[in-house]
Amino acid sequence: MRRIDFSTTLGNTELWEVVNRAHMAHTFHVHGVSFRIQSRDGREPPPWERGWKDVVLIRRGESVRLAMTFTQPASEAFPFMYHCHMLEHEDNGMMGQFTVVRS
Ligand SMILES: [Cu+2]
């Protein structure tokens with residue numbers, strides 16, 4: 001609960017590549033920010049996935065690129081989380097935490 005996995009700066013735009021090397025699909029969710037799916041396995045996402053998201057399904061073996069801009073601060077005392085949205089997975093630790101600091 002007290003672990004901070006990384007920190008970013010308020011106003012930063014980042015491109016995250018999330019790779020699912022597991023044997024099943026996972027629903028990747030980020031708190032405190034919305035993102036757009038830039039690609040799935042290097043290909044443009046289908047039309048229904050081109051809007052703002054906070055959850056993305058990542059099938060086994062798949063890789064997605066997500067673009068996001070951090071507009072809300074998050075301190076070490078109240079960090080944001082990113083996690084699998086399947087309850088049994090997040091309850092078993094498929095989760096991380098990050099801060100958004102002022103420059
Ligand atoms: Cu999962």
# chains A, B, ... in the order shown; residues from 1 in each chain; ligands from 1
call {"tool": "closest_atom_pairs", "arguments": {"of": "chain A", "to": "ligand 1", "cutoff": "12 Å", "atoms": "only C-alpha atoms and all ligand atoms", "output": "Markdown table"}}
result
| residue | atom | partner | partner_atom_place_in_ligand_line | distance |
| --- | --- | --- | --- | --- |
| A:Asn20 | CA | ligand 1 | 1 (Cu) | 9.6 |
| A:Arg21 | CA | ligand 1 | 1 (Cu) | 11.4 |
| A:Ala22 | CA | ligand 1 | 1 (Cu) | 9.0 |
| A:His23 | CA | ligand 1 | 1 (Cu) | 10.1 |
| A:Met24 | CA | ligand 1 | 1 (Cu) | 7.7 |
| A:Ala25 | CA | ligand 1 | 1 (Cu) | 6.6 |
| A:His26 | CA | ligand 1 | 1 (Cu) | 3.8 |
| A:Thr27 | CA | ligand 1 | 1 (Cu) | 5.8 |
| A:Phe28 | CA | ligand 1 | 1 (Cu) | 7.5 |
| A:His29 | CA | ligand 1 | 1 (Cu) | 10.0 |
| A:Val55 | CA | ligand 1 | 1 (Cu) | 11.7 |
| A:Val56 | CA | ligand 1 | 1 (Cu) | 11.1 |
| A:Leu57 | CA | ligand 1 | 1 (Cu) | 9.3 |
| A:Ile58 | CA | ligand 1 | 1 (Cu) | 9.1 |
| A:Arg59 | CA | ligand 1 | 1 (Cu) | 10.0 |
| A:Arg60 | CA | ligand 1 | 1 (Cu) | 10.3 |
| A:Tyr82 | CA | ligand 1 | 1 (Cu) | 11.6 |
| A:His83 | CA | ligand 1 | 1 (Cu) | 8.0 |
| A:Cys84 | CA | ligand 1 | 1 (Cu) | 4.6 |
| A:His85 | CA | ligand 1 | 1 (Cu) | 6.4 |
| A:Met86 | CA | ligand 1 | 1 (Cu) | 5.2 |
| A:Leu87 | CA | ligand 1 | 1 (Cu) | 8.0 |
| A:Glu88 | CA | ligand 1 | 1 (Cu) | 7.8 |
| A:His89 | CA | ligand 1 | 1 (Cu) | 4.9 |
| A:Glu90 | CA | ligand 1 | 1 (Cu) | 7.1 |
| A:Asp91 | CA | ligand 1 | 1 (Cu) | 10.0 |
| A:Asn92 | CA | ligand 1 | 1 (Cu) | 9.6 |
| A:Gly93 | CA | ligand 1 | 1 (Cu) | 9.9 |
| A:Met94 | CA | ligand 1 | 1 (Cu) | 6.9 |
| A:Met95 | CA | ligand 1 | 1 (Cu) | 9.6 |
call {"tool": "select_by_dssp", "arguments": {"residues": "segment 37-67 of chain A", "states": "strand (DSSP E or B)", "output": "list in words"}}
result
Ile37, Gln38, Ser39, Arg40, Arg43, Lys53, Val55, Val56, Leu57, Ile58, Ser63, Val64, Arg65, Leu66 and Ala67 of chain A
call {"tool": "write_last_selection", "arguments": {"atoms": "all heavy atoms", "output": "short mmCIF file (atom, residue, chain, number, x, y, z; two decimals), in the first residue's frame"}}
result
data_model
loop_
_atom_site.label_atom_id
_atom_site.label_comp_id
_atom_site.auth_asym_id
_atom_site.auth_seq_id
_atom_site.Cartn_x
_atom_site.Cartn_y
_atom_site.Cartn_z
N ILE A 37 -6.20 5.35 -27.05
CA ILE A 37 -5.45 4.19 -27.54
C ILE A 37 -4.83 4.59 -28.87
O ILE A 37 -5.55 4.90 -29.83
CB ILE A 37 -6.38 2.97 -27.71
CG1 ILE A 37 -7.06 2.63 -26.38
CG2 ILE A 37 -5.59 1.77 -28.25
CD1 ILE A 37 -8.20 1.62 -26.51
N GLN A 38 -3.52 4.61 -28.92
CA GLN A 38 -2.80 4.98 -30.15
C GLN A 38 -2.68 3.80 -31.10
O GLN A 38 -2.75 3.97 -32.31
CB GLN A 38 -1.41 5.51 -29.80
CG GLN A 38 -1.43 6.76 -28.95
CD GLN A 38 -1.98 7.95 -29.71
OE1 GLN A 38 -1.39 8.38 -30.69
NE2 GLN A 38 -3.10 8.47 -29.27
N SER A 39 -2.43 2.61 -30.52
CA SER A 39 -2.28 1.43 -31.38
C SER A 39 -2.49 0.15 -30.58
O SER A 39 -2.36 0.14 -29.36
CB SER A 39 -0.89 1.41 -32.03
OG SER A 39 0.11 1.26 -31.04
N ARG A 40 -2.83 -0.90 -31.34
CA ARG A 40 -2.90 -2.27 -30.81
C ARG A 40 -1.98 -3.11 -31.67
O ARG A 40 -2.21 -3.22 -32.88
CB ARG A 40 -4.31 -2.86 -30.95
CG ARG A 40 -5.26 -2.45 -29.90
CD ARG A 40 -6.54 -3.28 -30.03
NE ARG A 40 -7.43 -2.93 -28.95
CZ ARG A 40 -7.35 -3.43 -27.72
NH1 ARG A 40 -6.45 -4.35 -27.45
NH2 ARG A 40 -8.18 -3.04 -26.79
N ARG A 43 -1.00 -1.49 -34.84
CA ARG A 43 -2.04 -1.10 -35.80
C ARG A 43 -2.99 -0.08 -35.16
O ARG A 43 -3.22 -0.12 -33.95
CB ARG A 43 -2.83 -2.32 -36.28
CG ARG A 43 -1.99 -3.25 -37.16
CD ARG A 43 -2.82 -4.42 -37.69
NE ARG A 43 -3.30 -5.29 -36.61
CZ ARG A 43 -2.57 -6.27 -36.07
NH1 ARG A 43 -1.34 -6.50 -36.47
NH2 ARG A 43 -3.08 -7.02 -35.11
N LYS A 53 -10.67 7.06 -22.97
CA LYS A 53 -10.85 5.83 -22.19
C LYS A 53 -10.19 5.97 -20.83
O LYS A 53 -9.26 6.78 -20.65
CB LYS A 53 -10.19 4.63 -22.91
CG LYS A 53 -10.62 4.40 -24.34
CD LYS A 53 -11.99 3.84 -24.39
CE LYS A 53 -12.40 3.56 -25.84
NZ LYS A 53 -13.80 3.19 -25.93
N VAL A 55 -10.14 2.58 -19.30
CA VAL A 55 -9.93 1.13 -19.23
C VAL A 55 -9.69 0.64 -20.66
O VAL A 55 -10.34 1.11 -21.59
CB VAL A 55 -11.16 0.39 -18.65
CG1 VAL A 55 -10.91 -1.11 -18.61
CG2 VAL A 55 -11.53 0.89 -17.28
N VAL A 56 -8.77 -0.31 -20.79
CA VAL A 56 -8.55 -0.92 -22.09
C VAL A 56 -8.36 -2.42 -21.90
O VAL A 56 -7.63 -2.85 -21.00
CB VAL A 56 -7.35 -0.29 -22.83
CG1 VAL A 56 -6.06 -0.38 -22.03
CG2 VAL A 56 -7.16 -0.91 -24.21
N LEU A 57 -9.04 -3.20 -22.72
CA LEU A 57 -8.86 -4.65 -22.72
C LEU A 57 -7.58 -4.97 -23.49
O LEU A 57 -7.40 -4.50 -24.62
CB LEU A 57 -10.05 -5.34 -23.39
CG LEU A 57 -9.91 -6.86 -23.57
CD1 LEU A 57 -10.00 -7.56 -22.21
CD2 LEU A 57 -10.98 -7.38 -24.51
N ILE A 58 -6.69 -5.74 -22.85
CA ILE A 58 -5.46 -6.17 -23.51
C ILE A 58 -5.45 -7.69 -23.54
O ILE A 58 -5.36 -8.34 -22.50
CB ILE A 58 -4.21 -5.63 -22.78
CG1 ILE A 58 -4.34 -4.12 -22.54
CG2 ILE A 58 -2.96 -5.92 -23.60
CD1 ILE A 58 -3.23 -3.53 -21.69
N SER A 63 -0.03 -5.93 -27.28
CA SER A 63 0.59 -4.73 -26.75
C SER A 63 -0.21 -3.52 -27.22
O SER A 63 -0.63 -3.47 -28.39
CB SER A 63 2.04 -4.71 -27.21
OG SER A 63 2.40 -3.52 -27.75
N VAL A 64 -0.48 -2.59 -26.30
CA VAL A 64 -1.22 -1.38 -26.66
C VAL A 64 -0.38 -0.16 -26.31
O VAL A 64 0.37 -0.18 -25.34
CB VAL A 64 -2.60 -1.29 -25.95
CG1 VAL A 64 -3.52 -2.41 -26.38
CG2 VAL A 64 -2.44 -1.25 -24.46
N ARG A 65 -0.54 0.89 -27.09
CA ARG A 65 0.10 2.17 -26.78
C ARG A 65 -0.99 3.15 -26.40
O ARG A 65 -1.96 3.33 -27.15
CB ARG A 65 0.88 2.69 -27.97
CG ARG A 65 2.20 2.00 -28.09
CD ARG A 65 3.11 2.69 -29.04
NE ARG A 65 4.41 2.03 -29.02
CZ ARG A 65 5.43 2.38 -29.75
NH1 ARG A 65 5.33 3.40 -30.56
NH2 ARG A 65 6.56 1.72 -29.66
N LEU A 66 -0.80 3.79 -25.24
CA LEU A 66 -1.78 4.69 -24.67
C LEU A 66 -1.17 6.07 -24.50
O LEU A 66 -0.08 6.18 -23.93
CB LEU A 66 -2.24 4.17 -23.30
CG LEU A 66 -2.64 2.70 -23.22
CD1 LEU A 66 -2.92 2.30 -21.78
CD2 LEU A 66 -3.84 2.41 -24.11
N ALA A 67 -1.86 7.11 -24.98
CA ALA A 67 -1.38 8.48 -24.83
C ALA A 67 -2.22 9.18 -23.78
O ALA A 67 -3.45 9.11 -23.82
CB ALA A 67 -1.48 9.23 -26.16
#
call {"tool": "atom_distance", "arguments": {"atom1": "atom CA of Pro47 of chain A", "atom2": "atom CA of Thr71 of chain A"}}
result
25.6 Å
call {"tool": "atom_distance", "arguments": {"atom1": "atom CA of Val30 of chain A", "atom2": "atom CA of Met81 of chain A"}}
result
6.2 Å
call {"tool": "closest_residue", "arguments": {"among": "A:Pro79, A:Pro73, A:Gly51, A:Gly11", "to": "Phe35 of chain A", "atoms": "only C-alpha atoms"}}
result
A:Gly51
call {"tool": "decode", "arguments": {"residues": "segment 45-57 of chain A", "atoms": "N, CA, C and O atoms", "output": "mmCIF file, in the first residue's frame"}}
result
data_model
loop_
_atom_site.group_PDB
_atom_site.id
_atom_site.type_symbol
_atom_site.label_atom_id
_atom_site.label_comp_id
_atom_site.auth_asym_id
_atom_site.auth_seq_id
_atom_site.Cartn_x
_atom_site.Cartn_y
_atom_site.Cartn_z
ATOM 1 N N PRO A 45 -6.228 1.539 -33.749
ATOM 2 C CA PRO A 45 -7.361 0.868 -33.112
ATOM 3 C C PRO A 45 -8.628 1.008 -33.957
ATOM 4 O O PRO A 45 -8.737 1.931 -34.768
ATOM 5 N N PRO A 46 -9.613 0.122 -33.770
ATOM 6 C CA PRO A 46 -10.877 0.248 -34.505
ATOM 7 C C PRO A 46 -11.611 1.520 -34.076
ATOM 8 O O PRO A 46 -11.328 2.075 -33.016
ATOM 9 N N PRO A 47 -12.565 1.980 -34.886
ATOM 10 C CA PRO A 47 -13.246 3.261 -34.622
ATOM 11 C C PRO A 47 -13.845 3.353 -33.218
ATOM 12 O O PRO A 47 -13.805 4.414 -32.598
ATOM 13 N N TRP A 48 -14.400 2.266 -32.696
ATOM 14 C CA TRP A 48 -15.059 2.325 -31.386
ATOM 15 C C TRP A 48 -14.070 2.425 -30.225
ATOM 16 O O TRP A 48 -14.468 2.608 -29.092
ATOM 17 N N GLU A 49 -12.783 2.349 -30.527
ATOM 18 C CA GLU A 49 -11.780 2.486 -29.465
ATOM 19 C C GLU A 49 -10.993 3.793 -29.573
ATOM 20 O O GLU A 49 -9.975 3.956 -28.917
ATOM 21 N N ARG A 50 -11.484 4.736 -30.372
ATOM 22 C CA ARG A 50 -10.701 5.957 -30.609
ATOM 23 C C ARG A 50 -11.108 7.115 -29.712
ATOM 24 O O ARG A 50 -10.522 8.186 -29.791
ATOM 25 N N GLY A 51 -12.093 6.925 -28.843
ATOM 26 C CA GLY A 51 -12.497 7.979 -27.911
ATOM 27 C C GLY A 51 -11.657 7.941 -26.643
ATOM 28 O O GLY A 51 -10.745 7.132 -26.504
ATOM 29 N N TRP A 52 -12.007 8.825 -25.709
ATOM 30 C CA TRP A 52 -11.312 8.873 -24.422
ATOM 31 C C TRP A 52 -11.666 7.640 -23.608
ATOM 32 O O TRP A 52 -12.832 7.228 -23.574
ATOM 33 N N LYS A 53 -10.673 7.056 -22.972
ATOM 34 C CA LYS A 53 -10.847 5.828 -22.187
ATOM 35 C C LYS A 53 -10.187 5.966 -20.828
ATOM 36 O O LYS A 53 -9.258 6.778 -20.650
ATOM 37 N N ASP A 54 -10.625 5.122 -19.876
ATOM 38 C CA ASP A 54 -9.833 4.911 -18.665
ATOM 39 C C ASP A 54 -9.639 3.425 -18.398
ATOM 40 O O ASP A 54 -9.023 3.055 -17.397
ATOM 41 N N VAL A 55 -10.142 2.583 -19.297
ATOM 42 C CA VAL A 55 -9.927 1.135 -19.229
ATOM 43 C C VAL A 55 -9.691 0.636 -20.655
ATOM 44 O O VAL A 55 -10.338 1.106 -21.588
ATOM 45 N N VAL A 56 -8.771 -0.305 -20.786
ATOM 46 C CA VAL A 56 -8.551 -0.923 -22.093
ATOM 47 C C VAL A 56 -8.357 -2.425 -21.899
ATOM 48 O O VAL A 56 -7.630 -2.853 -21.004
ATOM 49 N N LEU A 57 -9.043 -3.200 -22.720
ATOM 50 C CA LEU A 57 -8.858 -4.649 -22.718
ATOM 51 C C LEU A 57 -7.579 -4.971 -23.488
ATOM 52 O O LEU A 57 -7.403 -4.503 -24.621
#
